[in-house]
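Everything below belongs to upload-v3.cif, which stores mmCIF, C-alpha atoms.
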```cif
data_work
#
loop_
_atom_site.label_atom_id
_atom_site.label_comp_id
_atom_site.auth_asym_id
_atom_site.auth_seq_id
_atom_site.Cartn_x
_atom_site.Cartn_y
_atom_site.Cartn_z
CA GLU A 9 0.00 0.00 0.00
CA THR A 10 1.34 3.44 -0.96
CA ASN A 11 0.12 7.03 -0.65
CA LEU A 12 0.01 7.34 -4.43
CA GLY A 13 -1.91 4.08 -4.78
CA ASP A 14 -4.39 5.22 -2.14
CA PHE A 15 -4.81 8.55 -3.93
CA VAL A 16 -5.48 6.96 -7.33
CA ALA A 17 -7.77 4.28 -5.89
CA ASP A 18 -9.78 6.96 -4.06
CA GLY A 19 -10.09 8.91 -7.31
CA ILE A 20 -11.30 5.83 -9.19
CA TYR A 21 -13.79 5.03 -6.41
CA THR A 22 -15.16 8.59 -6.40
CA TYR A 23 -15.41 8.75 -10.20
CA PHE A 24 -17.35 5.53 -10.64
CA ASN A 25 -19.66 6.23 -7.71
CA GLU A 26 -20.37 9.93 -8.19
CA ILE A 27 -19.97 10.37 -11.95
CA GLU A 28 -20.86 6.97 -13.39
CA GLU A 29 -23.22 6.14 -10.47
CA LEU A 30 -22.22 2.46 -10.52
CA HIS A 31 -22.33 2.14 -6.70
CA CYS A 32 -18.99 0.38 -6.34
CA ASP A 33 -17.94 -1.01 -2.96
CA VAL A 34 -14.18 -0.83 -3.48
CA ALA A 35 -11.51 0.35 -5.94
CA ILE A 36 -8.08 -1.30 -6.32
CA MET A 37 -5.04 0.03 -8.16
CA ASN A 38 -1.70 -1.69 -8.77
CA GLY A 39 1.00 0.64 -7.40
CA GLY A 40 3.62 -0.78 -9.76
CA GLY A 41 1.49 0.08 -12.75
CA ILE A 42 1.18 3.67 -11.54
CA ARG A 43 4.95 4.04 -11.12
CA ALA A 44 5.65 2.58 -14.57
CA GLY A 45 3.22 5.02 -16.17
CA ILE A 46 4.64 8.01 -14.29
CA GLU A 47 8.24 7.13 -15.15
CA ALA A 48 7.35 6.72 -18.82
CA ARG A 49 5.50 10.05 -18.88
CA GLU A 50 8.38 11.78 -17.10
CA GLY A 51 10.67 10.56 -19.89
CA GLU A 52 8.27 11.89 -22.53
CA ILE A 53 8.09 15.29 -20.80
CA ALA A 54 11.88 15.51 -20.53
CA ALA A 55 12.22 14.67 -24.23
CA ALA A 56 9.60 17.30 -25.14
CA ALA A 57 11.33 19.97 -23.04
CA ALA A 58 14.62 19.24 -24.84
CA ARG A 59 13.20 19.80 -28.33
CA PRO A 60 14.39 22.88 -30.21
CA ILE A 61 11.77 25.60 -30.03
CA GLY A 62 10.93 27.65 -33.11
CA LYS A 63 13.15 25.59 -35.43
CA PHE A 64 11.50 24.68 -38.73
CA SER A 65 12.42 21.44 -40.49
CA ILE A 66 11.18 18.81 -42.93
CA LYS A 67 11.18 15.30 -41.52
CA THR A 68 10.44 11.86 -42.86
CA LEU A 69 8.04 10.23 -40.40
CA PRO A 70 6.79 6.62 -40.36
CA GLU A 71 3.20 5.47 -40.55
CA ARG A 72 1.44 6.07 -37.23
CA GLY A 73 -1.81 4.89 -35.73
CA LEU A 74 -4.36 7.13 -34.06
CA LEU A 75 -7.29 6.66 -31.73
CA ARG A 76 -9.61 9.40 -32.96
CA MET A 77 -12.71 11.23 -31.79
CA ALA A 78 -14.38 13.23 -34.56
CA GLY A 79 -16.06 16.53 -33.78
CA GLU A 80 -15.59 20.19 -34.70
CA ALA A 81 -13.80 22.34 -32.16
CA HIS A 82 -12.64 25.95 -32.08
CA GLU A 83 -11.82 26.65 -28.43
CA ASP A 84 -9.55 24.94 -25.89
CA ALA A 85 -12.57 23.91 -23.81
CA GLU A 86 -14.13 22.19 -26.84
CA ILE A 87 -10.91 20.29 -27.54
CA ASP A 88 -10.67 19.23 -23.90
CA PHE A 89 -14.28 18.01 -24.03
CA LEU A 90 -13.53 15.87 -27.09
CA VAL A 91 -10.39 14.47 -25.42
CA LYS A 92 -12.49 13.44 -22.42
CA LYS A 93 -14.96 11.74 -24.77
CA LEU A 94 -12.04 9.94 -26.40
CA HIS A 95 -10.85 8.70 -23.01
CA LYS A 96 -14.35 7.56 -22.22
CA ARG A 97 -14.70 5.62 -25.47
CA TYR A 98 -11.41 3.78 -24.96
CA GLU A 99 -11.28 3.69 -21.16
CA ASP A 100 -10.66 -0.07 -21.14
CA GLU A 101 -7.50 0.36 -23.22
CA LEU A 102 -5.99 3.60 -21.90
CA PHE A 103 -4.22 4.68 -18.74
CA LEU A 104 -4.84 8.33 -17.92
CA ILE A 105 -1.23 8.84 -16.84
CA ARG A 106 0.31 7.23 -19.91
CA ASN A 107 -1.86 7.47 -23.00
CA GLY A 108 0.46 8.56 -25.78
CA ALA A 109 0.66 12.05 -27.23
CA THR A 110 -2.67 13.83 -27.47
CA GLY A 111 -3.46 16.23 -30.28
CA ALA A 112 -5.96 17.63 -32.73
CA LEU A 113 -6.30 17.54 -36.52
CA ILE A 114 -6.47 20.77 -38.54
CA PRO A 115 -8.25 20.11 -41.86
CA LEU A 116 -6.31 20.79 -45.05
CA SER A 117 -9.30 22.74 -46.39
CA GLY A 118 -9.06 25.13 -43.46
CA ILE A 119 -5.30 25.49 -43.83
CA LYS A 120 -5.69 26.44 -47.49
CA ALA A 121 -8.34 29.00 -46.46
CA GLY A 122 -6.08 30.48 -43.78
CA ILE A 123 -8.19 29.10 -40.91
CA PHE A 124 -5.86 27.56 -38.35
CA ASN A 125 -8.06 27.31 -35.25
CA ARG A 126 -10.76 25.02 -36.59
CA TYR A 127 -10.29 21.36 -35.73
CA SER A 128 -12.03 18.30 -37.15
CA SER A 129 -11.11 15.77 -34.44
CA VAL A 130 -8.83 14.96 -31.53
CA PHE A 131 -6.58 11.92 -31.27
CA MET A 132 -4.03 9.93 -29.31
CA LEU A 133 -0.95 8.55 -31.02
CA ARG A 134 -0.49 4.81 -30.65
CA GLU A 135 2.86 3.03 -30.55
CA GLY A 136 3.85 0.05 -32.67
CA GLY A 137 1.06 -2.47 -33.01
CA GLU A 138 -1.23 -0.90 -30.40
CA PRO A 139 -4.93 -0.73 -31.38
CA CYS A 140 -5.91 2.24 -33.55
CA ASP A 141 -8.86 3.25 -35.70
CA VAL A 142 -7.08 5.37 -38.33
CA LYS A 143 -3.54 5.67 -39.64
CA VAL A 144 -1.43 8.63 -40.70
CA PRO A 145 0.55 7.56 -43.79
CA ALA A 146 4.33 7.69 -43.74
CA GLY A 147 5.78 10.67 -45.56
CA GLU A 148 7.40 14.07 -45.39
CA PHE A 149 6.24 16.57 -42.79
CA ALA A 150 7.10 20.22 -42.28
CA THR A 151 7.40 20.62 -38.51
CA VAL A 152 7.98 23.17 -35.78
CA CYS A 153 7.69 23.18 -31.99
CA PHE A 154 6.54 26.24 -30.10
CA ARG A 155 6.15 27.15 -26.47
CA GLY A 156 3.07 28.84 -24.99
CA ALA A 157 -0.69 28.83 -25.40
CA TYR A 158 -2.33 26.74 -28.12
CA GLN A 159 -3.47 29.92 -29.85
CA ASN A 160 0.11 30.35 -31.07
CA THR A 161 -0.74 27.87 -33.82
CA ALA A 162 -2.30 30.80 -35.70
CA ARG A 163 1.09 32.55 -35.55
CA PHE A 164 3.29 29.60 -36.46
CA MET A 165 1.21 27.90 -39.16
CA PRO A 166 1.69 30.71 -41.73
CA LYS A 167 5.43 30.59 -41.04
CA LEU A 168 5.41 26.82 -41.47
CA LEU A 169 3.59 27.16 -44.80
CA ALA A 170 6.11 29.77 -45.93
CA TYR A 171 8.97 27.48 -44.90
CA ALA A 172 7.46 24.59 -46.86
CA LYS A 173 6.99 26.78 -49.92
CA ALA A 174 10.61 27.96 -49.70
CA HIS A 175 11.63 24.31 -49.88
CA SER A 176 9.45 23.54 -52.92
CA CYS A 177 6.74 21.83 -50.87
CA VAL A 178 2.97 22.14 -50.70
CA PRO A 179 0.64 20.87 -47.95
CA CYS A 180 -1.05 17.59 -48.89
CA GLY A 181 -3.03 16.51 -45.83
CA ASN A 182 -4.50 17.41 -42.48
CA ALA A 183 -2.02 18.90 -40.03
CA LEU A 184 -1.35 17.32 -36.65
CA GLU A 185 -1.21 19.62 -33.63
CA LEU A 186 0.55 17.56 -30.93
CA TYR A 187 0.34 18.60 -27.28
CA LEU A 188 3.70 17.48 -25.89
CA ILE A 189 3.31 19.40 -22.63
CA ASP A 190 -0.14 20.77 -21.86
CA ILE A 191 -2.61 21.54 -19.10
CA HIS A 192 -2.24 18.03 -17.71
CA GLU A 193 1.42 18.67 -16.84
CA SER A 194 1.41 22.39 -16.05
CA GLY A 195 -1.04 25.08 -15.09
CA ASP A 196 1.23 27.71 -16.66
CA PRO A 197 0.50 28.15 -20.41
CA SER A 198 4.01 29.56 -20.92
CA GLU A 199 5.35 26.06 -20.21
CA TYR A 200 3.17 24.31 -22.80
CA ILE A 201 5.01 22.79 -25.76
CA THR A 202 3.14 22.04 -28.98
CA GLU A 203 4.44 20.53 -32.22
CA LEU A 204 2.87 21.18 -35.61
CA GLN A 205 3.31 18.44 -38.22
CA LEU A 206 2.14 19.38 -41.70
CA PRO A 207 2.26 16.64 -44.37
CA VAL A 208 3.86 17.97 -47.54
CA SER A 209 4.72 16.84 -51.06
CA ALA A 210 6.80 18.28 -53.85
CA ALA A 211 5.22 21.33 -55.47
CA PRO A 212 3.90 20.57 -59.00
CA ASP A 213 6.19 23.19 -60.53
CA ALA A 214 9.26 22.23 -58.47
CA ALA A 215 12.37 22.00 -60.63
CA VAL A 216 13.81 19.31 -58.35
CA PRO A 217 12.24 16.63 -56.12
CA LEU A 218 11.31 17.38 -52.52
CA ARG A 219 14.35 18.79 -50.79
CA ARG A 220 15.13 18.16 -47.16
CA PRO A 221 17.33 20.87 -45.58
CA ASP A 222 20.45 19.84 -43.68
#
```

Can I see the file as structure tokens?
Amino acid sequence: ETNLGDFVADGIYTYFNEIEELHCDVAIMNGGGIRAGIEAREGEIAAAAARPIGKFSIKTLPERGLLRMAGEAHEDAEIDFLVKKLHKRYEDELFLIRNGATGALIPLSGIKAGIFNRYSSVFMLREGGEPCDVKVPAGEFATVCFRGAYQNTARFMPKLLAYAKAHSCVPCGNALELYLIDIHESGDPSEYITELQLPVSAAPDAAVPLRRPD
């Protein structure tokens, strides 16, 4: 028995009795599972904090699976609501402490129209062969990480598009807005770290194939 285990078990007990109204008699949580999840998440946070901020690049990324919850969102509260629905849908498969990177999809149609704060769904990235309901194809992505509130996407997306254009690329799919450090790790928006990943392909009039900068 540990203080952390007691805390989590109490939270589970309260949730299922007061929110779900299932009238449970007891809640049990494996302390080792909690520690493993925390240690893994601490490693992810440390890796996110070490990423270069404001550096634009074009990366080749592998195919990735997503657990997705469709629904239009414009505000942070709407995104958070969809994320909670996503957790609810897959609660048997996910641990709240370690659930993979969370993010939202920005439709290509909106990007082309200069609308960067309209989202079509939220998602969680899945590792390896973990269950997923949609896949992001492997390919080239224009990327940048920024620090601060999510609204900074509207400031960085035009710069990312300009960077892609300067490297003979055009957007070719929905952009991923990944929340590497968010409200779940810090109450200070200045500490948030978000990564934009915009799938790109060679521009039709490019004189040379897609170029990746050094």

Shell around stretch 200-202 of chain A at 6 Å using all atoms listed in the file, local window under 5 positions removed, as a PyMOL selection string: chain A and resi 153-156+186-190

Which residue of A:Val178, A:Met77, A:Ala170, A:Ile123 approaches A:Lys92 most closely, using all atoms listed in the file: A:Met77

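Evaluated against the shown file, the PyMOL selection byres ((chain A and resi 159) around 10) gives Glu83, Asp84, Phe124, Asn125, Gly156, Ala157, Tyr158, Asn160, Thr161, Ala162, Arg163 and Phe164 of chain A.
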
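The gap separating atom CA of A:Gly147 from atom CA of A:Ser129 is 20.9 Å, in Å to one decimal.
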
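Relative to atom CA of A:Ile114, atom CA of A:Met132 is found at 14.4 Å.
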
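Distances here use all atoms listed in the file; by that measure, the residue among A:Ala183, A:Leu75, A:Leu204, A:Val130 closest to A:Phe89 is A:Val130.
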
Polymer residues at most 10 Å from A:Lys173, only C-alpha atoms, same-chain spacing of 6 or more positions, as number ranges by chain: A: 167, 179, 208, 210-211, 214

How would the residues just chosen look if you wrote them out with C-alpha atoms as a PDB file, in the coordinates of the input?
```
ATOM      1  CA  LYS A 167       5.430  30.590 -41.040  1.00  0.00           C
ATOM      2  CA  PRO A 179       0.640  20.870 -47.950  1.00  0.00           C
ATOM      3  CA  VAL A 208       3.860  17.970 -47.540  1.00  0.00           C
ATOM      4  CA  ALA A 210       6.800  18.280 -53.850  1.00  0.00           C
ATOM      5  CA  ALA A 211       5.220  21.330 -55.470  1.00  0.00           C
ATOM      6  CA  ALA A 214       9.260  22.230 -58.470  1.00  0.00           C
TER       7      ALA A 214
END
```

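The space separating atom CA of A:Pro145 from atom CA of A:Ile61 comes to 25.3 Å.
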
Hits from the PyMOL selection byres ((chain A and resi 78) around 10), listed as an MDAnalysis selection string: chainID A and resid 76:77 79:81 90 93:94 112:113 127:131

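For A:Thr68, the list of residues within 10 Å, based on only C-alpha atoms and with local chain neighbours fewer than 2 positions off taken out, reads Ile66, Pro70, Glu71, Ala146, Gly147, Glu148, Phe149, Ala150, Pro207 and Arg220 of chain A.
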
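With distances restricted to all atoms listed in the file, A:Glu185 is the closest residue to A:Pro115 from A:Glu185, A:Leu69, A:Ala174, A:Pro139.
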